[in-house]
Amino acid sequence: MGNALRFSRRSVLKTMTAAGGLGALGAGLPWTPAMAKTLVIGFLYVGPRDDYGYNQAHAEGAAAVKAMPGVKVLEEEKVPETVDVENSMESMINLDGASLLFPTSFGYFDPYVLKEAKKHPDLTFLHCGGLWTPGKHPTNVGSYFGYIDEAEYLSGIVAAYASKSKKLGFIAAKPIPQVLRNINSFTLGARSVDPTITTAVVFTGDWSMPVKEAEAANSLIDQGADVLTCHVDSPKVIVETAEKRGVFATGYHASQATLAPKGYLTGAEWNWAKVYTDFVKMVQGGITPPNLVRGGLKEGIIKTSPYGAAVSDAARRHADAVKAKFMDGSFVIYKGPIKDNKGNSVVAEGKSHGQTDIALESMNWLVEGVTGSIS
Amino acid sequence: MPPFMHRAVTHLSASVSALAVPAAAVAVSLALFGAFVALVGVDPVEMYQLMYRGAFGTWFSWQNTLTRASPLILTALCTALPAQLGLVIIGGEGALVLGALAAAATGVALNGAPVALVWPAMALAGMAGGALLIGGAGALRQWRGVNETISSLLLTYIAIAVLNHMVEGPLKDPASLNKPSTAPLADTYMIGTLPGSSVHWGLVVGIVCAVAAWVLMRRTTFGFAARMVGGNPRAARMAGLPVGRLLVVTTALAGAAAGLAGMVEVAAVHGRASASLVAGYGSTGILVAFLARQNPLAVIPVAVLFGGIGASGGLLQRRLDLPDASVLVLQGIIFVVLLASEAMQGRLRLFAFATPAAKEA
């Protein structure tokens, strides 16, 4: 037994030395000159990149970057908003030579992206969330976001034409300003077609709750809603449930058209492919990307899913007309008078808040016509 | 052989066997996982080289691994301590979350007080939060006959709901618009990193707690009594041991360990409490405790191993285009193989001469 033990200990040591040597060899290998010219870009996603939602939208953007010349794209999915994301970024920088990073989840920003950016002042970090503040945050950090509620307004118009019961259903994660703005814009769009329409809202409490989302979808349909939409990380189960129950759905984040060939009307999508390829072109050309990028349909940050077969000609004409106004920048969604669903005036007669108005970013009300409450 | 030698050999071979079986389980798991990735067309040798490099191959990789390991040591203790009494507690995630919430609330409430007061207060609050939850599961088991595995699991959901309610309601920082969280801790209250590294002091906290837990369970009368309950609760009760008290105190201590992990997460990493605290450290801690065969000291190297698996996961995704779930597959294989190998404990021919049966022969 003694012999056997010694033998195994020796072989373990041998293996360890060999492995250590391999590790050192790998670490010591310099990047060849050809690779030095390649721009190494890291994308980090908080969930699975094939989620038909938030993360897939970003992964589609990364796929567009991959097709560009002179780049190498690294991807990591399901990276939690903890020290893990800091370590993953550091690992991409340290072991793979990444010099441009796209941490795509809102919660990555503070403190993880800020810490890494301070540690690597010569690298570029572009975060999705629109949180950069001049004077407060490092200059090698950029933050971008889109006014996706413009596309929600258009979805609302299309939904209004499709609905027979005049009841729409909205399944949302948390009652935070971004989500409330989407619910309100969707409802305002629908009520611009028919002021008798109502939207019932269910909050599930978190970004990825497939079981609760399916329950909410079924319960909204049972209550008479015949068009569903949502603001959760992955609209997959909601769109599938709607299709199974024979009602319509409008999508979010990415296109879910393939999940509901009959009932998918249109959807609000991110156009990260354009945003990311633009950023990468800037970095390749030696231009520092702007620290804060925001925009909607006009700037090409947002797009809408192609209309489904169930969308009527009248609905298409109406939505296209409003879309044209968004494209020339003349359309304002939040134009008074607007009341909340408790009867209080939230935007006074004659007042209006354009898309870039900071007042909209702390929205804490649901518009008239929405059934449901925030707390 | 003479009795004293026999005792020494028995002791030695028992510890060798205790080490060899989990080590063999890990080796078998690695072989199985290698076959698994080979099936999807990835070269297993290349994969293990990459994994080694991502986990231990460079100084940076070591720091990455150790940072990931530190919460796992404490959450593993949450399972390993009650296991001495024969209990299976799987509520580490909930204890961590509740501890983090209590610690963050304390840190924010004491804003302005000296660090020397705030850190102990936050640690105590965190430990109390965790102790309340897991001690509660112990009490339910003792006085209501509720299965502690199920109750600790379900209490975790309650803890997460409490966290969400508090950070979106009473404790919400009005400035945290789109990511509801408590007010941030002042920078002076943040726990720093070990000199010359990016690893925070939580690692030292974890190691100290693991050693303390080992001393408590192996070198004190309390621990002896606890393990006696684990061996045979009826006999322990007949012997006059306060089984109920041992059970509640041990589960509370276990919860306190995970609660302390929550405090460290808040004070060293997040700087506030938010839903991001639910990151799965509690559930990975269960695997760590089982692989360490519930030995508080063994928890340390096993947590480092799991930290390393986590740290190398990113590299596998990036270089080999494997999905994130591949690391979960490896963890799952290790867990299943390990449970199966428990049956082998003490039955290997190599160690057979030390078993009573062999002695008779």
# chains A, B, ... in the order shown; residues from 1 in each chain; ligands from 1
call {"tool": "closest_atom_pairs", "arguments": {"of": "chain B", "to": "chain A", "cutoff": "9 Å", "atoms": "only C-alpha atoms", "output": "CSV"}}
result
residue,atom,partner,partner_atom,distance
B:Gln49,CA,A:Leu22,CA,7.2
B:Leu50,CA,A:Gly23,CA,8.2
B:Tyr52,CA,A:Gly23,CA,6.9
B:Arg53,CA,A:Gly23,CA,5.1
B:Gly54,CA,A:Ser91,CA,8.0
B:Phe56,CA,A:Gly23,CA,7.9
B:Gly57,CA,A:Gly23,CA,4.5
B:Thr58,CA,A:Ala27,CA,6.7
B:Phe60,CA,A:Asn94,CA,7.5
B:Ser61,CA,A:Ser91,CA,7.6
B:Gln63,CA,A:Asn87,CA,8.9
B:Asn64,CA,A:Asn87,CA,5.9
B:Thr67,CA,A:Val83,CA,7.9
B:Arg68,CA,A:Asp84,CA,7.3
B:Asn164,CA,A:Gly205,CA,8.1
B:Gly169,CA,A:Ser375,CA,8.6
B:Leu177,CA,A:Ile176,CA,6.4
B:Asn178,CA,A:Ile176,CA,5.4
B:Lys179,CA,A:Gly107,CA,7.0
B:Pro180,CA,A:Ile176,CA,7.9
B:Glu265,CA,A:Thr82,CA,8.7
B:Val269,CA,A:Val83,CA,6.2
B:His270,CA,A:Thr82,CA,6.9
B:Gly271,CA,A:Pro111,CA,8.1
B:Ala275,CA,A:Asp206,CA,8.8
B:Ser276,CA,A:Glu81,CA,5.7
B:Leu277,CA,A:Thr82,CA,7.4
B:Val278,CA,A:Pro80,CA,8.9
B:Ala279,CA,A:Pro80,CA,6.3
B:Gly310,CA,A:Asp84,CA,8.9
B:Ala311,CA,A:Ser88,CA,7.8
B:Gly313,CA,A:Glu76,CA,8.9
B:Gly314,CA,A:Glu76,CA,6.0
B:Leu315,CA,A:Ser91,CA,7.9
B:Gln317,CA,A:Glu76,CA,6.0
B:Arg318,CA,A:Leu74,CA,5.2
B:Arg319,CA,A:Leu74,CA,7.7
B:Asp321,CA,A:Glu75,CA,8.3
B:Pro323,CA,A:Glu77,CA,7.7
B:Asp324,CA,A:Glu77,CA,6.2
B:Ala325,CA,A:Lys78,CA,8.9
B:Leu350,CA,A:Met1,CA,7.4
B:Phe351,CA,A:Met1,CA,8.8
call {"tool": "write_last_selection", "arguments": {"atoms": "C-alpha atoms", "output": "mmCIF file, in the first residue's frame"}}
result
data_model
loop_
_atom_site.group_PDB
_atom_site.id
_atom_site.type_symbol
_atom_site.label_atom_id
_atom_site.label_comp_id
_atom_site.auth_asym_id
_atom_site.auth_seq_id
_atom_site.Cartn_x
_atom_site.Cartn_y
_atom_site.Cartn_z
ATOM 1 C CA GLN B 49 -5.699 22.963 -20.256
ATOM 2 C CA LEU B 50 -7.975 25.958 -20.654
ATOM 3 C CA TYR B 52 -6.528 24.962 -15.570
ATOM 4 C CA ARG B 53 -5.346 28.214 -17.049
ATOM 5 C CA GLY B 54 -8.608 30.014 -16.238
ATOM 6 C CA PHE B 56 -5.083 28.420 -11.496
ATOM 7 C CA GLY B 57 -2.748 29.080 -14.422
ATOM 8 C CA THR B 58 -1.909 32.722 -13.759
ATOM 9 C CA PHE B 60 -4.898 36.756 -12.086
ATOM 10 C CA SER B 61 -6.679 33.393 -12.406
ATOM 11 C CA GLN B 63 -7.340 35.898 -7.632
ATOM 12 C CA ASN B 64 -10.440 35.250 -9.744
ATOM 13 C CA THR B 67 -12.746 35.799 -4.949
ATOM 14 C CA ARG B 68 -15.366 33.314 -6.106
ATOM 15 C CA ASN B 164 -37.417 42.365 -2.795
ATOM 16 C CA GLY B 169 -40.419 49.568 -0.506
ATOM 17 C CA LEU B 177 -34.844 54.359 -10.042
ATOM 18 C CA ASN B 178 -34.436 51.469 -12.422
ATOM 19 C CA LYS B 179 -32.582 49.098 -10.114
ATOM 20 C CA PRO B 180 -34.317 49.212 -6.740
ATOM 21 C CA GLU B 265 -21.075 40.501 -0.064
ATOM 22 C CA VAL B 269 -18.694 43.749 -3.220
ATOM 23 C CA HIS B 270 -22.155 45.243 -3.756
ATOM 24 C CA GLY B 271 -22.052 48.236 -1.407
ATOM 25 C CA ALA B 275 -31.995 41.683 -5.982
ATOM 26 C CA SER B 276 -28.518 41.016 -7.485
ATOM 27 C CA LEU B 277 -27.560 39.382 -4.169
ATOM 28 C CA VAL B 278 -29.480 36.294 -5.240
ATOM 29 C CA ALA B 279 -26.567 34.917 -7.244
ATOM 30 C CA GLY B 310 -16.552 29.051 -11.938
ATOM 31 C CA ALA B 311 -13.549 31.137 -12.898
ATOM 32 C CA GLY B 313 -16.276 28.763 -17.064
ATOM 33 C CA GLY B 314 -15.894 32.067 -18.864
ATOM 34 C CA LEU B 315 -12.821 30.901 -20.721
ATOM 35 C CA GLN B 317 -17.442 29.873 -23.272
ATOM 36 C CA ARG B 318 -15.102 32.286 -24.997
ATOM 37 C CA ARG B 319 -12.503 29.960 -26.453
ATOM 38 C CA ASP B 321 -17.881 28.260 -27.640
ATOM 39 C CA PRO B 323 -22.573 27.225 -23.402
ATOM 40 C CA ASP B 324 -22.527 28.481 -19.823
ATOM 41 C CA ALA B 325 -24.524 25.418 -18.810
ATOM 42 C CA LEU B 350 -7.244 -1.279 -0.717
ATOM 43 C CA PHE B 351 -8.383 -0.243 2.757
#
call {"tool": "residues_around", "arguments": {"residues": "His137 in chain A", "least_positions_apart": "2", "cutoff": "12 Å", "atoms": "only C-alpha atoms", "output": "ChimeraX atom specification"}}
result
/A:109-111,113-118,121,125,131-135,139-143,291-292
call {"tool": "atom_distance", "arguments": {"atom1": "CA of Ala315 in chain A", "atom2": "CA of Phe170 in chain A"}}
result
19.9 Å
call {"tool": "select_by_dssp", "arguments": {"residues": "range 59-290 of chain A", "states": "strand (DSSP E)", "output": "MDAnalysis selection string"}}
result
chainID A and resid 71:76 100:103 124:128 141:146 167:172 198:203 227:231 248:253 264:270
call {"tool": "closest_atom_pairs", "arguments": {"of": "range 81-154 of chain B", "to": "range 188-197 of chain B", "cutoff": "9 Å", "atoms": "only C-alpha atoms", "output": "CSV"}}
result
residue,atom,partner,partner_atom,distance
B:Gly107,CA,B:Tyr189,CA,7.8
B:Asn111,CA,B:Tyr189,CA,8.8
B:Pro114,CA,B:Tyr189,CA,8.8
B:Val115,CA,B:Tyr189,CA,6.1
B:Val118,CA,B:Tyr189,CA,7.4
B:Trp119,CA,B:Tyr189,CA,7.3
call {"tool": "residues_around", "arguments": {"residues": "Met228 in chain B", "least_positions_apart": "6", "cutoff": "12 Å", "atoms": "only C-alpha atoms", "output": "ChimeraX atom specification"}}
result
/B:83-86,217-218,221-222,234-243,246-247
call {"tool": "write_last_selection", "arguments": {"atoms": "C-alpha atoms", "output": "PDB file, in the first residue's frame"}}
result
ATOM      1  CA  ALA B  83     -24.935  17.806   8.885  1.00  0.00           C
ATOM      2  CA  GLN B  84     -22.970  16.901  12.045  1.00  0.00           C
ATOM      3  CA  LEU B  85     -26.372  16.347  13.679  1.00  0.00           C
ATOM      4  CA  GLY B  86     -27.640  14.430  10.681  1.00  0.00           C
ATOM      5  CA  MET B 217     -17.260  20.230  16.100  1.00  0.00           C
ATOM      6  CA  ARG B 218     -14.115  18.133  16.638  1.00  0.00           C
ATOM      7  CA  THR B 221     -17.804  18.782  24.207  1.00  0.00           C
ATOM      8  CA  PHE B 222     -20.483  20.721  22.330  1.00  0.00           C
ATOM      9  CA  ARG B 234     -32.347   8.420  20.492  1.00  0.00           C
ATOM     10  CA  ALA B 235     -29.217   7.233  22.229  1.00  0.00           C
ATOM     11  CA  ALA B 236     -28.142  10.838  22.686  1.00  0.00           C
ATOM     12  CA  ARG B 237     -31.443  11.669  24.322  1.00  0.00           C
ATOM     13  CA  MET B 238     -31.181   8.578  26.563  1.00  0.00           C
ATOM     14  CA  ALA B 239     -27.702   9.720  27.559  1.00  0.00           C
ATOM     15  CA  GLY B 240     -29.267  12.943  28.792  1.00  0.00           C
ATOM     16  CA  LEU B 241     -28.014  15.255  26.047  1.00  0.00           C
ATOM     17  CA  PRO B 242     -30.106  18.401  25.402  1.00  0.00           C
ATOM     18  CA  VAL B 243     -30.905  17.354  21.835  1.00  0.00           C
ATOM     19  CA  LEU B 246     -28.021  21.358  20.332  1.00  0.00           C
ATOM     20  CA  LEU B 247     -30.184  21.242  17.244  1.00  0.00           C
TER      21      LEU B 247
END
call {"tool": "residues_around", "arguments": {"residues": "Ser99 in chain A", "least_positions_apart": "5", "cutoff": "9 Å", "atoms": "only C-alpha atoms", "output": "PyMOL selection string"}}
result
chain A and resi 39-42+92-93+122-125
call {"tool": "write_last_selection", "arguments": {"atoms": "C-alpha atoms", "output": "short mmCIF file (atom, residue, chain, number, x, y, z; two decimals), in the first residue's frame"}}
result
data_model
loop_
_atom_site.label_atom_id
_atom_site.label_comp_id
_atom_site.auth_asym_id
_atom_site.auth_seq_id
_atom_site.Cartn_x
_atom_site.Cartn_y
_atom_site.Cartn_z
CA LEU A 39 -9.64 44.44 -32.09
CA VAL A 40 -10.69 42.01 -29.37
CA ILE A 41 -14.22 42.78 -28.16
CA GLY A 42 -15.95 41.19 -25.17
CA MET A 92 -11.31 38.84 -20.98
CA ILE A 93 -8.77 41.66 -20.67
CA ASP A 122 -6.69 52.87 -21.74
CA LEU A 123 -9.53 50.44 -22.53
CA THR A 124 -13.09 51.26 -23.53
CA PHE A 125 -16.20 50.09 -21.68
#
call {"tool": "residues_around", "arguments": {"residues": "Val40 in chain B", "least_positions_apart": "2", "cutoff": "12 Å", "atoms": "only C-alpha atoms", "output": "ChimeraX atom specification"}}
result
/B:33-38,42-44,320-323,326
call {"tool": "residues_around", "arguments": {"residues": "Ala121 in chain B", "least_positions_apart": "4", "cutoff": "9 Å", "atoms": "only C-alpha atoms", "output": "list in words"}}
result
Ala103, Thr106, Gly107, Leu110, Ala116, Leu117, Ala125 and Gly126 of chain B
call {"tool": "write_last_selection", "arguments": {"atoms": "C-alpha atoms", "output": "PDB file, in the first residue's frame"}}
result
ATOM      1  CA  ALA B 103     -26.248  44.142   7.275  1.00  0.00           C
ATOM      2  CA  THR B 106     -27.565  48.426   9.696  1.00  0.00           C
ATOM      3  CA  GLY B 107     -24.702  49.977   7.744  1.00  0.00           C
ATOM      4  CA  LEU B 110     -25.323  53.818  11.382  1.00  0.00           C
ATOM      5  CA  ALA B 116     -14.810  50.066  14.295  1.00  0.00           C
ATOM      6  CA  LEU B 117     -18.425  50.129  15.403  1.00  0.00           C
ATOM      7  CA  ALA B 125     -26.899  41.981  12.073  1.00  0.00           C
ATOM      8  CA  GLY B 126     -25.989  39.752   9.132  1.00  0.00           C
TER       9      GLY B 126
END
call {"tool": "closest_residue", "arguments": {"among": "B:Leu39, B:Ala256, B:Val205, B:Ala109", "to": "Gly91 in chain B", "atoms": "only C-alpha atoms"}}
result
B:Ala256
call {"tool": "decode", "arguments": {"residues": "range 144-263 of chain A", "atoms": "C-alpha atoms", "output": "PDB file, in the first residue's frame"}}
result
ATOM      1  CA  TYR A 144     -26.163  53.908 -24.251  1.00  0.00           C
ATOM      2  CA  PHE A 145     -29.886  53.368 -24.199  1.00  0.00           C
ATOM      3  CA  GLY A 146     -32.907  53.706 -26.424  1.00  0.00           C
ATOM      4  CA  TYR A 147     -36.390  55.192 -26.191  1.00  0.00           C
ATOM      5  CA  ILE A 148     -38.086  51.905 -26.891  1.00  0.00           C
ATOM      6  CA  ASP A 149     -41.446  53.245 -25.724  1.00  0.00           C
ATOM      7  CA  GLU A 150     -41.790  54.847 -29.190  1.00  0.00           C
ATOM      8  CA  ALA A 151     -42.085  51.357 -30.614  1.00  0.00           C
ATOM      9  CA  GLU A 152     -44.428  50.404 -27.754  1.00  0.00           C
ATOM     10  CA  TYR A 153     -46.697  53.295 -28.786  1.00  0.00           C
ATOM     11  CA  LEU A 154     -46.812  51.854 -32.313  1.00  0.00           C
ATOM     12  CA  SER A 155     -47.499  48.363 -30.917  1.00  0.00           C
ATOM     13  CA  GLY A 156     -50.382  49.908 -28.960  1.00  0.00           C
ATOM     14  CA  ILE A 157     -51.887  51.299 -32.161  1.00  0.00           C
ATOM     15  CA  VAL A 158     -51.632  47.926 -33.916  1.00  0.00           C
ATOM     16  CA  ALA A 159     -53.021  46.127 -30.842  1.00  0.00           C
ATOM     17  CA  ALA A 160     -56.025  48.467 -30.724  1.00  0.00           C
ATOM     18  CA  TYR A 161     -57.012  47.542 -34.289  1.00  0.00           C
ATOM     19  CA  ALA A 162     -56.638  43.824 -33.595  1.00  0.00           C
ATOM     20  CA  SER A 163     -58.559  43.769 -30.314  1.00  0.00           C
ATOM     21  CA  LYS A 164     -62.253  42.880 -30.357  1.00  0.00           C
ATOM     22  CA  SER A 165     -62.765  42.818 -26.591  1.00  0.00           C
ATOM     23  CA  LYS A 166     -61.061  46.225 -26.194  1.00  0.00           C
ATOM     24  CA  LYS A 167     -59.045  44.734 -23.372  1.00  0.00           C
ATOM     25  CA  LEU A 168     -55.275  44.459 -23.626  1.00  0.00           C
ATOM     26  CA  GLY A 169     -52.966  42.619 -21.237  1.00  0.00           C
ATOM     27  CA  PHE A 170     -49.480  43.738 -20.158  1.00  0.00           C
ATOM     28  CA  ILE A 171     -47.172  41.482 -18.116  1.00  0.00           C
ATOM     29  CA  ALA A 172     -44.366  43.430 -16.488  1.00  0.00           C
ATOM     30  CA  ALA A 173     -41.468  42.587 -14.202  1.00  0.00           C
ATOM     31  CA  LYS A 174     -41.116  45.446 -11.744  1.00  0.00           C
ATOM     32  CA  PRO A 175     -42.876  48.796 -11.396  1.00  0.00           C
ATOM     33  CA  ILE A 176     -39.747  50.838 -12.197  1.00  0.00           C
ATOM     34  CA  PRO A 177     -39.811  54.005 -14.370  1.00  0.00           C
ATOM     35  CA  GLN A 178     -38.591  52.298 -17.573  1.00  0.00           C
ATOM     36  CA  VAL A 179     -41.299  49.667 -17.359  1.00  0.00           C
ATOM     37  CA  LEU A 180     -44.063  52.110 -16.424  1.00  0.00           C
ATOM     38  CA  ARG A 181     -43.109  54.255 -19.411  1.00  0.00           C
ATOM     39  CA  ASN A 182     -43.562  51.287 -21.747  1.00  0.00           C
ATOM     40  CA  ILE A 183     -46.939  50.393 -20.239  1.00  0.00           C
ATOM     41  CA  ASN A 184     -48.110  54.000 -20.506  1.00  0.00           C
ATOM     42  CA  SER A 185     -46.865  54.517 -24.065  1.00  0.00           C
ATOM     43  CA  PHE A 186     -48.455  51.238 -25.196  1.00  0.00           C
ATOM     44  CA  THR A 187     -51.752  52.246 -23.608  1.00  0.00           C
ATOM     45  CA  LEU A 188     -51.626  55.814 -24.976  1.00  0.00           C
ATOM     46  CA  GLY A 189     -50.998  54.360 -28.455  1.00  0.00           C
ATOM     47  CA  ALA A 190     -53.981  52.028 -28.158  1.00  0.00           C
ATOM     48  CA  ARG A 191     -56.270  54.734 -26.753  1.00  0.00           C
ATOM     49  CA  SER A 192     -55.292  57.113 -29.567  1.00  0.00           C
ATOM     50  CA  VAL A 193     -57.190  54.667 -31.783  1.00  0.00           C
ATOM     51  CA  ASP A 194     -60.073  53.908 -29.426  1.00  0.00           C
ATOM     52  CA  PRO A 195     -60.373  55.755 -26.072  1.00  0.00           C
ATOM     53  CA  THR A 196     -62.515  52.964 -24.600  1.00  0.00           C
ATOM     54  CA  ILE A 197     -59.612  50.505 -24.618  1.00  0.00           C
ATOM     55  CA  THR A 198     -58.118  49.434 -21.283  1.00  0.00           C
ATOM     56  CA  THR A 199     -54.845  47.686 -20.443  1.00  0.00           C
ATOM     57  CA  ALA A 200     -54.697  45.274 -17.502  1.00  0.00           C
ATOM     58  CA  VAL A 201     -51.250  45.056 -15.930  1.00  0.00           C
ATOM     59  CA  VAL A 202     -49.731  42.208 -13.932  1.00  0.00           C
ATOM     60  CA  PHE A 203     -46.363  42.676 -12.210  1.00  0.00           C
ATOM     61  CA  THR A 204     -44.493  39.410 -11.688  1.00  0.00           C
ATOM     62  CA  GLY A 205     -41.843  40.874  -9.376  1.00  0.00           C
ATOM     63  CA  ASP A 206     -38.735  39.810 -11.248  1.00  0.00           C
ATOM     64  CA  TRP A 207     -37.132  39.823 -14.681  1.00  0.00           C
ATOM     65  CA  SER A 208     -37.230  36.112 -15.362  1.00  0.00           C
ATOM     66  CA  MET A 209     -40.209  34.267 -13.859  1.00  0.00           C
ATOM     67  CA  PRO A 210     -41.424  31.914 -16.623  1.00  0.00           C
ATOM     68  CA  VAL A 211     -44.008  30.124 -14.481  1.00  0.00           C
ATOM     69  CA  LYS A 212     -45.555  33.309 -13.119  1.00  0.00           C
ATOM     70  CA  GLU A 213     -45.494  34.834 -16.595  1.00  0.00           C
ATOM     71  CA  ALA A 214     -47.428  31.904 -18.033  1.00  0.00           C
ATOM     72  CA  GLU A 215     -49.950  32.086 -15.163  1.00  0.00           C
ATOM     73  CA  ALA A 216     -50.363  35.831 -15.673  1.00  0.00           C
ATOM     74  CA  ALA A 217     -50.859  35.330 -19.419  1.00  0.00           C
ATOM     75  CA  ASN A 218     -53.552  32.716 -18.850  1.00  0.00           C
ATOM     76  CA  SER A 219     -55.297  34.785 -16.214  1.00  0.00           C
ATOM     77  CA  LEU A 220     -55.311  37.915 -18.405  1.00  0.00           C
ATOM     78  CA  ILE A 221     -56.762  35.906 -21.297  1.00  0.00           C
ATOM     79  CA  ASP A 222     -59.387  34.439 -18.933  1.00  0.00           C
ATOM     80  CA  GLN A 223     -60.339  37.989 -17.992  1.00  0.00           C
ATOM     81  CA  GLY A 224     -60.980  38.814 -21.655  1.00  0.00           C
ATOM     82  CA  ALA A 225     -57.719  40.325 -22.867  1.00  0.00           C
ATOM     83  CA  ASP A 226     -57.193  39.435 -26.522  1.00  0.00           C
ATOM     84  CA  VAL A 227     -53.818  41.102 -27.143  1.00  0.00           C
ATOM     85  CA  LEU A 228     -50.904  40.461 -24.791  1.00  0.00           C
ATOM     86  CA  THR A 229     -47.596  42.185 -24.504  1.00  0.00           C
ATOM     87  CA  CYS A 230     -44.892  42.358 -21.874  1.00  0.00           C
ATOM     88  CA  HIS A 231     -41.748  43.836 -20.413  1.00  0.00           C
ATOM     89  CA  VAL A 232     -39.773  40.940 -18.954  1.00  0.00           C
ATOM     90  CA  ASP A 233     -36.360  39.575 -19.930  1.00  0.00           C
ATOM     91  CA  SER A 234     -37.745  36.830 -22.127  1.00  0.00           C
ATOM     92  CA  PRO A 235     -41.218  37.205 -23.685  1.00  0.00           C
ATOM     93  CA  LYS A 236     -41.032  33.597 -24.910  1.00  0.00           C
ATOM     94  CA  VAL A 237     -43.613  31.901 -22.664  1.00  0.00           C
ATOM     95  CA  ILE A 238     -46.021  34.835 -22.869  1.00  0.00           C
ATOM     96  CA  VAL A 239     -46.028  34.909 -26.666  1.00  0.00           C
ATOM     97  CA  GLU A 240     -46.289  31.108 -26.817  1.00  0.00           C
ATOM     98  CA  THR A 241     -49.170  31.075 -24.331  1.00  0.00           C
ATOM     99  CA  ALA A 242     -51.019  33.743 -26.307  1.00  0.00           C
ATOM    100  CA  GLU A 243     -50.591  31.741 -29.518  1.00  0.00           C
ATOM    101  CA  LYS A 244     -51.782  28.541 -27.859  1.00  0.00           C
ATOM    102  CA  ARG A 245     -54.874  30.277 -26.499  1.00  0.00           C
ATOM    103  CA  GLY A 246     -55.622  31.879 -29.875  1.00  0.00           C
ATOM    104  CA  VAL A 247     -55.092  35.519 -28.923  1.00  0.00           C
ATOM    105  CA  PHE A 248     -52.711  38.113 -30.353  1.00  0.00           C
ATOM    106  CA  ALA A 249     -49.369  39.247 -28.988  1.00  0.00           C
ATOM    107  CA  THR A 250     -46.906  42.045 -29.587  1.00  0.00           C
ATOM    108  CA  GLY A 251     -43.254  41.377 -28.854  1.00  0.00           C
ATOM    109  CA  TYR A 252     -40.476  42.979 -26.887  1.00  0.00           C
ATOM    110  CA  HIS A 253     -36.636  43.163 -26.943  1.00  0.00           C
ATOM    111  CA  ALA A 254     -36.223  40.899 -29.996  1.00  0.00           C
ATOM    112  CA  SER A 255     -38.599  39.364 -32.523  1.00  0.00           C
ATOM    113  CA  GLN A 256     -40.739  36.500 -31.279  1.00  0.00           C
ATOM    114  CA  ALA A 257     -42.527  36.145 -34.642  1.00  0.00           C
ATOM    115  CA  THR A 258     -41.353  32.558 -35.119  1.00  0.00           C
ATOM    116  CA  LEU A 259     -42.976  31.531 -31.815  1.00  0.00           C
ATOM    117  CA  ALA A 260     -46.421  32.753 -32.870  1.00  0.00           C
ATOM    118  CA  PRO A 261     -46.826  32.645 -36.652  1.00  0.00           C
ATOM    119  CA  LYS A 262     -50.583  33.295 -36.399  1.00  0.00           C
ATOM    120  CA  GLY A 263     -50.969  35.817 -33.603  1.00  0.00           C
TER     121      GLY A 263
END
